[in-house]
Structure formats: structure tokens, C-alpha cells
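Right, one structure below, let's go through it.
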Amino acid sequence: MHDRQVRVKFWANVALVAAVVVLCFFYLGLDPVRILTAAPHFAGYIAVNFFPPSLTHAPVYISAVLHTVAFAVVSTCISAVLSFIFALLMSEAIMPWRAVRWVTRFVMTFVRNIPVIIWASLMVLVFGIGSMVGLIALILATTGFLSRSYAESIGEIAAKKLEPLRASGVRTLGIIRHGLLPEFAPAWFNWTLFAFELNIRASAVLGMVGAGGMGVMIQTQLNLRRFNEVATMVLLLIFIVLCTELAAGWIRKKQMGVKVPRVKGWVLALAVAAVFFICLNYLNLDMARFLNRLSNAPRILRLLADVNVAMLLPGVRQFFVSFAMGIVGLVFGGLLAFVLAFCAADNITPWRPLAFLIKAFVSIVRAVPSLIIILMIVAAIGLGHNAGVVGLTLSSMGYLTKAFIATIEEQHRGLITAMRATGANWGQIVLHGLLPAVVTGFLAWVAIRLETSVAESITLGVVGAGGIGTLLARAIRQFDYPTVTLLILIIFIGMACLEGAVSAIRRRIF
């Protein structure tokens with residue numbers, strides 16, 4: 001009886017999700033034929049127009065890629081320090097004053113729920129174009145992300161390790177030094193490395209809104225239809241992102257469960273500091289020009305203090321357009337990831353070469369920032385919601401396929417071996433053996449991805465995919481400050497509500 005109720009509840013939820021996707025599909029006015037034919041058309045367009053890559057300006061592009069890496073290093077290092085401080089201020093075990101905790105959480109929630117490309121656009125609006133504004137935007141977005149991640153890790157440690165120290169009379173600094181830091185170090189490594197991987201992709205596209213980096217070069221060459229030059233830059237970016245992921249994975253394995261001696265820890269800290277200052281010097285930031293423009297900031301901030309209430313309904317409508325694109329792209333990408341993951345997981349793949357090809361394809365898709373993907377899709381099939389949904393589908397597919405593969409490969413091989421011994425084929429093993437064991441994990445990953453998908457949908461709107469991002473980009477170009485303020489508030493409130501809903505869904509799943 002219980003199993004029957006579970007099945008009914010599961011299929012009821014599936015039907016509800018399907019109904020939401022269908023409603024979003026028609027709300028956006030998507031063309032199903034155009035979406036279904038977009039992938040082969042896009043692949044053919046890339047093969048014909050982007051290859052072979054041009055090596056004429058390769059040294060210039062290599063310098064731009066190194067600039068992107070330096071951007072990511074500097075922003076991640078600064079954000080890691082700031083985020084740790086903010087995480088301590090948000091922790092009940094460390095900060096006794098509730099007002100400080102509440103204000104810090106509110107500020108970090110606001111910072112976190114504004115996508116990095118929107119922060120970059122705002123910085124350009126206030127301070128003008130330049131690499132310094134791009135760095136500040138990246139630091140803001142990364143600090144918002146890491147502060148929550150660090151705070152969650154500190155909360156888990158506090159419940160187990162810190163309360164006994166406080167009960168024995170140890171002061172706050174002693175608790176941080178002797179109780180928190182040794183336990184927090186592995187989580188700090190993991191989250192910081194993950195943020196660095198994200199920042200490599202993010203720093204590559206900041207130039208598209210005038211905030212420095214190689215994004216402006218990619219967009220310029222796309223506008224000039226010099227696709228062979230774009231191919232060179234994208235391939236270099238893929239190479240550096242894959243190298244970063246491999247290095248980060250190696251570092252994680254090396255430090256997993258290992259207590260770093262104090263001397264070795266100081267050597268590591270000095271090495272990181274040296275790399276930071278080398279990258280900071282390489283960036284050659286336009287600090288003087290940025291400081292000169294600070295005098296304009298109070299005037300622009302006063303203009304941003306007004307709110308254009310007349311744009312409230314159009315703004316909310318366009319946020320729902322971005323939300324609908326995020327939902328449709330997530331579900332389509334999730335369905336593709338579901339199929340690809342069962343074909344590529346090492347413990348169930350029907351053919352090893354197929355698994356290798358799928359993993360290589362997914363790694364390439366994940367390495368290219370979604371904003372660059374959408375620009376290439378727009379070049380192939382034009383502007384609009386269809387292009388946005390296709391871009392989000394590819395982005396979600398890359399993320400979820402990797403997550404689903406990891407979930408499947410965590411399952412014990414004994415179950416698969418036993419089912420094969422009884423004569424079960426690949427489909428029966430997947431349907432009756434693995435699927436019941438991994439479905440909860442899959443749903444959790446989809447819930448986690450939901451926030452990112454909607455945030456990417458807002459971001460893609462900046463380059464013509466529609467939604468509130470397009471409305472905001474237009475207001476910024478027209479220096480319509482009251483409308484910019486209203487749209488930022490709508491994005492913040494909408495993303496904060498979505499974050500709360502996702503947290504509730506994750507608690508229900510687990």
C-alpha cells in the first residue's frame with residue numbers, strides 16, 4: 001500500500017512538472033520545430049563557419065586568456081578572504097549579536113542573487129568601462145556565493161565541534177583558531193577551488209559589457225563575422241578551463257583527509273600570496289582612471305535612488321519570461337543528461353568508446369561559458385527566446401550530465417552484477433536496478449541547478465535572448481536610472497524567493 005502511494009505521489013509530481021513546462025513553453029511562444037532542428041543546424045553552422053581556427057593572432061589571444069586566468073586568481077583570492085569574514089559574521093557560534101548576523105545575511109543575499117554580468121553592467125554604468133570595474137563585479141558575485149557556502153560549512157562544524165569549546169570557557173578567537181580552522185580547511189579548499197573554476201568562465205565574458213577581459217574580443221569578432229578567429233579564442237578558453245578542472249581535481253584528491261602541517265601550511269600560504277601578486281601585477285589594472293571616476297559615483301547613486309514604478313508590471317512580466325526560459329532549458333537539459341549519464345557512467349555504459357565520447361563532449365560544453373554559447377547560437381539561428389532556451393539546454397545538460405554520472409557511479413557494482421547474472425539486459429538494469437537508487441540524487445541536483453538556470457537566463461537576456469536581462473540592458477544603455485533600480489529590485493526579490501523555494505525542495509527531497 002505504501003509503495004503504491006509513493007508511486008502515485010511520484011507520478012503526480014512528474015505530471016505537475018510536465019504541466020509547468022508545457023505552460024512555460026506556450027507562454028514563451030517557442031517554436032518546437034525550430035528548437036528540435038537547432039542542434040543539427042548549430043553544429044553544421046559551427047563546422048562550416050568556425051573551422052579551421054585562425055592562428056594569425058594566436059599570441060594576442062593567448063595573452064587574453066592569461067589575462068582571464070589572472071582575473072580569476074585575483075578575484076578568487078580577495079573573495080575567499082572577504083567571504084570567510086562575512087561567514088563568521090553570519091555564524092551563530094561566532095557572532096553573538098543577532099542584528100549583525102541578520103544585516104550580513106541580508107547584504108550577502110542581495111549580492112549573491114544578482115548575476116555577475118549584471119553587477120558588471122552596473123559597475124560600468126557608475127564608473128565607466130575598464131578592467132577595474134570587472135574585477136569589482138567578479139569579487140562581489142564570488143563573495144556572495146562563497147559567503148553562503150562557507151557559512152553552511154561553519155554551521156555544520158559548529159554543531160559538532162565548537163559548542164564544547166565555548167562551554168569550557170574558550171574565547172571567540174581561540175574557538176576560531178583551535179576549533180574552527182583545522183576542521184574548516186578542507187571545505188575552504190573545496191569551495192574556493194570551485195569558485196576559481198567558475199571565475200575562469202565568468203571573467204572570460206565580462207568584456208561583453210565593457211568590464212575588461214577577452215569577452216569584448218569574442219563579441220567584436222562575432223559581430224565582424226570573423227568566426228575563425230572566434231574559434232581560436234574559444235578553443236584556447238576550453239583548454240585553459242579543462243586544465244583548471246584537472247588541476248583542481250588533483251589538488252582536492254591530494255588534500256582530502258590530509259592534515260596540513262603548520263610549516264607546510266605557511267609555505268602554501270606564501271606560494272598563494274606570490275601567485276596573487278604576480279597576477280595582480282600582470283593585470284595592470286586601470287586604478288588611476290577608476291579613482292578619478294569615483295567623484296561621479298555619488299551623483300549616479302542619487303539617480304539610482306529613484307524607482308520607476310510605472311515599469312513594475314513589465315519588469316515582473318519579463319522576470320517570469322526569464323524564469324520560464326530557465327525552467328524549459330533546465331528540463332530539456334535534464335532529460336538529455338538523464339539519457340547521456342546512463343550511457344556514459346563507467347559501471348553501466350553499454351560501450352566504453354561511447355562513454356568516452358560523451359564525457360569528452362560534456363567537458364567541452366561545460367568549459368564554454370553560457371554567454372559565449374548563446375552568442376554563437378544567435379549567430380546561427382538569430383535572436384529570441386528559442387536561442388535562449390537552446391543555450392540554457394546545452395548549459396544545463398553539461399552540468400547535470402556530470403552530476404548524474406557521478407551519482408550513478410557511486411552505486412555499488414554488486415547490484416548490477418547480480419542483475420546481469422539473472423539475464424537482465426541494459427534497459428532492465430537501468431529501469432529496475434539503478435533508477436530507484438539514483439532518482440532522489442538526480443532530483444536534488446536538478447533542484448540545485450534551478451537557481452543557476454534562472455540566473456543564466458537573466459544573464460543571456462543581456463545579449464538578446466529576451467526576458468528581464470534584455471530590459472535591463474536597454475535601460476542601462478539609455479541611462480534610465482530609475483528603471484535600472486526597479487529591475488534590480490525585481491531580480492533580487494525574485495531570485496531570493498527562488499532560493500527559498502529551492503531550499504525547501506531540497507529539505508523535502510532529503
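Naming works like this for the C-alpha cells: A, B, ... for the chains as they're shown, residue 1 at the start of each chain, ligands 1 onward in shown order.
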
At a cut-off of 6 Å, using only C-alpha atoms, what residues contact range 395-411 of chain A? Leave out same-chain residues fewer than 6 positions from it and give the result as a CSV table (one decimal) with all heavy atoms, in the first residue's frame.
chain,number,residue,atom,x,y,z
A,330,LEU,N,16.2,24.0,-18.3
A,330,LEU,CA,16.6,23.1,-17.3
A,330,LEU,C,16.0,21.7,-17.5
A,330,LEU,O,16.7,20.7,-17.5
A,330,LEU,CB,16.2,23.6,-15.9
A,330,LEU,CG,16.4,22.6,-14.7
A,330,LEU,CD1,17.9,22.4,-14.5
A,330,LEU,CD2,15.8,23.2,-13.4
A,333,GLY,N,17.4,20.2,-20.7
A,333,GLY,CA,18.8,19.7,-20.5
A,333,GLY,C,18.9,18.6,-19.5
A,333,GLY,O,19.7,17.7,-19.7
A,334,GLY,N,18.0,18.5,-18.5
A,334,GLY,CA,17.9,17.4,-17.6
A,334,GLY,C,17.5,16.1,-18.3
A,334,GLY,O,18.1,15.0,-18.0
A,337,ALA,N,20.5,15.0,-20.2
A,337,ALA,CA,21.5,14.5,-19.2
A,337,ALA,C,21.2,13.1,-18.7
A,337,ALA,O,22.1,12.3,-18.5
A,337,ALA,CB,21.7,15.5,-18.1
A,341,ALA,N,23.9,10.3,-19.2
A,341,ALA,CA,24.5,9.8,-18.0
A,341,ALA,C,24.5,8.2,-17.9
A,341,ALA,O,25.5,7.6,-17.6
A,341,ALA,CB,23.9,10.4,-16.7
A,345,ALA,N,28.2,6.4,-17.7
A,345,ALA,CA,28.7,6.0,-16.4
A,345,ALA,C,29.5,4.7,-16.5
A,345,ALA,O,29.0,3.8,-17.2
A,345,ALA,CB,27.5,5.8,-15.4
A,362,VAL,N,30.7,16.5,-23.1
A,362,VAL,CA,30.1,17.2,-22.0
A,362,VAL,C,31.2,18.1,-21.4
A,362,VAL,O,30.9,19.3,-21.0
A,362,VAL,CB,29.6,16.2,-20.9
A,362,VAL,CG1,29.3,16.9,-19.6
A,362,VAL,CG2,28.4,15.5,-21.4
A,365,VAL,N,31.4,21.2,-23.6
A,365,VAL,CA,30.2,22.1,-23.4
A,365,VAL,C,30.3,22.9,-22.1
A,365,VAL,O,30.0,24.1,-22.0
A,365,VAL,CB,28.9,21.3,-23.5
A,365,VAL,CG1,27.7,22.1,-23.1
A,365,VAL,CG2,28.7,20.7,-24.9
A,366,ARG,N,30.7,22.2,-21.0
A,366,ARG,CA,30.8,22.8,-19.7
A,366,ARG,C,32.0,23.8,-19.7
A,366,ARG,O,31.9,24.8,-18.9
A,366,ARG,CB,31.1,21.8,-18.6
A,366,ARG,CG,29.9,20.9,-18.3
A,366,ARG,CD,30.3,19.9,-17.2
A,366,ARG,NE,30.4,20.6,-15.9
A,366,ARG,CZ,31.6,20.8,-15.3
A,366,ARG,NH1,32.7,20.3,-15.9
A,366,ARG,NH2,31.7,21.4,-14.2

For a test of reading the model, state the distance in Å between CA of Ile374 in chain A and CA of Ala387 in chain A, rounded to one decimal.
6.8 Å

Report as a compact mmCIF listing (two decimals) with N, CA and C atoms, in the first residue's frame all protein, DNA and RNA residues lying within 8 Å of range 92-99 of chain A, evaluated on only C-alpha atoms, omitting residues in the same chain fewer than 2 positions from it.
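Saved as part16.txt:
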# COMPACT_ATOMS: atom_id res chain seq x y z
N LEU A 88 31.89 34.26 9.14
CA LEU A 88 32.00 34.32 10.60
C LEU A 88 30.93 35.25 11.19
N LEU A 89 30.69 36.37 10.51
CA LEU A 89 29.68 37.32 10.99
C LEU A 89 28.26 36.75 10.90
N MET A 90 28.06 35.77 10.00
CA MET A 90 26.74 35.15 9.86
C MET A 90 26.54 33.95 10.78
N ARG A 101 24.30 39.52 12.49
CA ARG A 101 24.09 38.33 11.66
C ARG A 101 23.03 38.59 10.60
N TRP A 102 21.93 39.23 11.01
CA TRP A 102 20.81 39.47 10.08
C TRP A 102 21.22 40.42 8.97
N VAL A 103 21.88 41.53 9.33
CA VAL A 103 22.30 42.51 8.32
C VAL A 103 23.30 41.88 7.34
N GLY A 155 28.48 26.21 9.94
CA GLY A 155 27.33 25.78 10.72
C GLY A 155 27.38 24.29 11.04
N ALA A 158 30.11 23.83 13.66
CA ALA A 158 29.76 24.41 14.96
C ALA A 158 28.91 23.46 15.79
N LEU A 162 32.33 23.11 18.04
CA LEU A 162 32.60 24.40 18.68
C LEU A 162 31.87 24.60 19.99
N GLU A 163 30.68 24.03 20.12
CA GLU A 163 29.91 24.24 21.35
C GLU A 163 30.63 23.72 22.60
N THR A 172 36.33 33.60 21.80
CA THR A 172 35.97 33.50 20.37
C THR A 172 37.19 33.27 19.49
N ILE A 176 37.95 30.06 17.05
CA ILE A 176 38.24 30.14 15.62
C ILE A 176 39.56 29.46 15.30

Residues near range 131-148 of chain A, cut-off 8 Å, only C-alpha atoms, skip fewer than 4 positions along chain, as a count of residues only:
42

Can you tell me, as a ChimeraX atom specification, what residues are no more than 8 Å from range 452-465 of chain A when counting only C-alpha atoms, ignoring any on the same chain fewer than 3 positions away?
/A:114-115,117-118,319,322-323,325-327,329-330,370-371,374-375,383-388,392,396,448-449,468-473,495

Write out, as a compact mmCIF listing (two decimals), in the first residue's frame, the residues just selected, with N, CA and C atoms.
# COMPACT_ATOMS: atom_id res chain seq x y z
N ILE A 114 22.27 38.70 -7.53
CA ILE A 114 22.44 39.48 -8.74
C ILE A 114 23.54 38.82 -9.57
N PRO A 115 23.25 38.33 -10.78
CA PRO A 115 24.27 37.65 -11.59
C PRO A 115 25.47 38.56 -11.86
N ILE A 117 27.22 39.24 -14.49
CA ILE A 117 27.20 40.12 -15.66
C ILE A 117 26.34 41.35 -15.39
N ILE A 118 25.32 41.21 -14.52
CA ILE A 118 24.51 42.37 -14.14
C ILE A 118 25.31 43.30 -13.25
N PHE A 319 10.56 39.19 -15.86
CA PHE A 319 11.22 38.24 -14.96
C PHE A 319 10.61 36.85 -15.13
N SER A 322 12.09 35.25 -18.11
CA SER A 322 13.41 34.67 -17.79
C SER A 322 13.25 33.38 -16.99
N PHE A 323 12.31 33.39 -16.03
CA PHE A 323 12.05 32.20 -15.22
C PHE A 323 11.57 31.05 -16.10
N MET A 325 12.09 30.59 -19.33
CA MET A 325 13.20 30.09 -20.14
C MET A 325 14.12 29.21 -19.30
N GLY A 326 14.38 29.63 -18.05
CA GLY A 326 15.22 28.82 -17.17
C GLY A 326 14.62 27.46 -16.90
N ILE A 327 13.29 27.41 -16.67
CA ILE A 327 12.61 26.14 -16.40
C ILE A 327 12.66 25.22 -17.62
N GLY A 329 14.68 25.33 -20.28
CA GLY A 329 16.06 24.91 -20.56
C GLY A 329 16.55 23.88 -19.57
N LEU A 330 16.18 24.03 -18.29
CA LEU A 330 16.59 23.06 -17.27
C LEU A 330 15.99 21.69 -17.53
N SER A 370 28.20 30.05 -20.81
CA SER A 370 26.89 30.04 -21.47
C SER A 370 26.68 31.29 -22.32
N LEU A 371 27.28 32.41 -21.91
CA LEU A 371 27.11 33.65 -22.68
C LEU A 371 27.78 33.54 -24.05
N ILE A 374 25.56 31.23 -26.19
CA ILE A 374 24.36 31.89 -26.74
C ILE A 374 24.73 32.84 -27.87
N LEU A 375 25.88 33.50 -27.79
CA LEU A 375 26.30 34.38 -28.88
C LEU A 375 26.52 33.58 -30.17
N LEU A 383 18.22 35.98 -32.90
CA LEU A 383 17.85 36.40 -31.56
C LEU A 383 16.53 35.78 -31.11
N GLY A 384 16.26 35.87 -29.79
CA GLY A 384 14.94 35.49 -29.30
C GLY A 384 14.96 34.38 -28.27
N HIS A 385 13.74 34.02 -27.82
CA HIS A 385 13.58 33.02 -26.78
C HIS A 385 14.06 31.64 -27.22
N ASN A 386 13.88 31.31 -28.50
CA ASN A 386 14.32 29.99 -28.98
C ASN A 386 15.82 29.82 -28.76
N ALA A 387 16.59 30.86 -29.13
CA ALA A 387 18.04 30.80 -28.94
C ALA A 387 18.38 30.68 -27.46
N GLY A 388 17.66 31.44 -26.60
CA GLY A 388 17.91 31.38 -25.18
C GLY A 388 17.66 30.00 -24.60
N LEU A 392 20.40 27.51 -22.84
CA LEU A 392 20.21 27.02 -21.48
C LEU A 392 20.13 25.50 -21.45
N SER A 396 22.64 23.45 -19.09
CA SER A 396 22.12 22.53 -18.07
C SER A 396 22.51 21.10 -18.35
N ILE A 448 19.20 21.97 -7.26
CA ILE A 448 20.36 22.85 -7.11
C ILE A 448 20.59 23.67 -8.38
N ARG A 449 20.40 23.04 -9.52
CA ARG A 449 20.65 23.70 -10.81
C ARG A 449 19.59 24.75 -11.14
N ILE A 468 14.05 39.67 -18.58
CA ILE A 468 14.36 40.88 -17.82
C ILE A 468 15.79 41.36 -18.07
N GLY A 469 16.68 40.45 -18.47
CA GLY A 469 18.05 40.86 -18.79
C GLY A 469 18.09 41.81 -19.98
N THR A 470 17.29 41.54 -20.99
CA THR A 470 17.21 42.42 -22.16
C THR A 470 16.64 43.78 -21.77
N LEU A 471 15.61 43.77 -20.93
CA LEU A 471 15.00 45.03 -20.46
C LEU A 471 16.02 45.84 -19.67
N LEU A 472 16.81 45.18 -18.82
CA LEU A 472 17.81 45.87 -18.01
C LEU A 472 18.93 46.42 -18.87
N ALA A 473 19.39 45.64 -19.85
CA ALA A 473 20.45 46.11 -20.74
C ALA A 473 20.01 47.34 -21.51
N MET A 495 14.87 36.23 -7.25
CA MET A 495 15.90 35.22 -7.01
C MET A 495 15.93 34.80 -5.53

Test item: residues at most 9 Å from Ala305 in chain A, only C-alpha atoms, excluding those fewer than 2 positions along its chain, as a short mmCIF file (atom, residue, chain, number, x, y, z; two decimals) with all heavy atoms, in the first residue's frame:
data_model
loop_
_atom_site.label_atom_id
_atom_site.label_comp_id
_atom_site.auth_asym_id
_atom_site.auth_seq_id
_atom_site.Cartn_x
_atom_site.Cartn_y
_atom_site.Cartn_z
N ILE A 300 25.50 59.52 -9.52
CA ILE A 300 24.79 58.41 -10.16
C ILE A 300 24.01 57.60 -9.13
O ILE A 300 22.90 57.13 -9.39
CB ILE A 300 25.79 57.53 -10.93
CG1 ILE A 300 26.40 58.35 -12.08
CG2 ILE A 300 25.11 56.28 -11.49
CD1 ILE A 300 27.49 57.65 -12.84
N LEU A 301 24.59 57.44 -7.94
CA LEU A 301 23.88 56.71 -6.89
C LEU A 301 22.61 57.45 -6.47
O LEU A 301 21.60 56.82 -6.15
CB LEU A 301 24.79 56.49 -5.69
CG LEU A 301 25.95 55.50 -5.91
CD1 LEU A 301 26.86 55.46 -4.70
CD2 LEU A 301 25.41 54.10 -6.22
N ARG A 302 22.66 58.79 -6.47
CA ARG A 302 21.44 59.56 -6.17
C ARG A 302 20.39 59.33 -7.25
O ARG A 302 19.20 59.22 -6.95
CB ARG A 302 21.78 61.05 -6.07
CG ARG A 302 22.43 61.45 -4.76
CD ARG A 302 22.40 62.97 -4.55
NE ARG A 302 23.12 63.67 -5.60
CZ ARG A 302 24.42 63.96 -5.54
NH1 ARG A 302 25.13 63.60 -4.47
NH2 ARG A 302 25.00 64.61 -6.53
N LEU A 303 20.85 59.25 -8.51
CA LEU A 303 19.90 58.98 -9.60
C LEU A 303 19.31 57.58 -9.47
O LEU A 303 18.13 57.35 -9.77
CB LEU A 303 20.60 59.14 -10.95
CG LEU A 303 21.04 60.56 -11.32
CD1 LEU A 303 21.91 60.53 -12.58
CD2 LEU A 303 19.83 61.46 -11.54
N VAL A 307 12.92 55.24 -8.20
CA VAL A 307 12.36 53.98 -8.71
C VAL A 307 11.24 54.31 -9.70
O VAL A 307 10.33 55.09 -9.37
CB VAL A 307 11.81 53.10 -7.57
CG1 VAL A 307 11.18 51.83 -8.14
CG2 VAL A 307 12.91 52.75 -6.59
N TYR A 481 18.06 55.48 -15.11
CA TYR A 481 18.44 55.02 -13.78
C TYR A 481 17.27 54.52 -12.93
O TYR A 481 17.38 53.48 -12.27
CB TYR A 481 19.19 56.13 -13.04
CG TYR A 481 20.47 56.55 -13.71
CD1 TYR A 481 20.53 57.72 -14.47
CD2 TYR A 481 21.61 55.77 -13.60
CE1 TYR A 481 21.72 58.10 -15.09
CE2 TYR A 481 22.80 56.15 -14.22
CZ TYR A 481 22.84 57.32 -14.97
OH TYR A 481 24.01 57.68 -15.59
N PRO A 482 16.12 55.20 -12.89
CA PRO A 482 15.00 54.69 -12.07
C PRO A 482 14.53 53.30 -12.52
O PRO A 482 14.18 52.46 -11.68
CB PRO A 482 13.91 55.75 -12.28
CG PRO A 482 14.65 57.00 -12.62
CD PRO A 482 15.81 56.53 -13.45
N THR A 485 17.06 50.66 -11.31
CA THR A 485 16.87 50.34 -9.89
C THR A 485 15.69 49.39 -9.68
O THR A 485 15.79 48.40 -8.94
CB THR A 485 16.63 51.63 -9.09
OG1 THR A 485 17.74 52.50 -9.28
CG2 THR A 485 16.46 51.33 -7.61
#

I'd like the contact shell of range 228-245 of chain A - 7 Å cut-off, only C-alpha atoms, skipping same-chain residues fewer than 4 positions apart - returned as a VMD selection string.
chain A and resid 50 to 55 61 65 197 200 218 221 to 222 249 364 367 to 368

Which is closest to Val60 in chain A among A:Ile373, A:Met214, A:Ala288, A:Ala504, if we use only C-alpha atoms?
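For Val60 in chain A, the nearest of the given residues is A:Met214.
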
What are the DSSP helix (DSSP H, G or I) residues of range 312-423 of chain A, as a ChimeraX atom specification?
/A:312-344,352-367,370-381,385-409,413-421

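One finds CA of Val446 in chain A at 21.4 Å from CA of Ile348 in chain A.
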
Closest to Gln318 in chain A among A:Pro186, A:Gly174, A:Gly467, A:Gly427, using only C-alpha atoms?
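That would be A:Gly467, the residue with the smallest distance to Gln318 in chain A.
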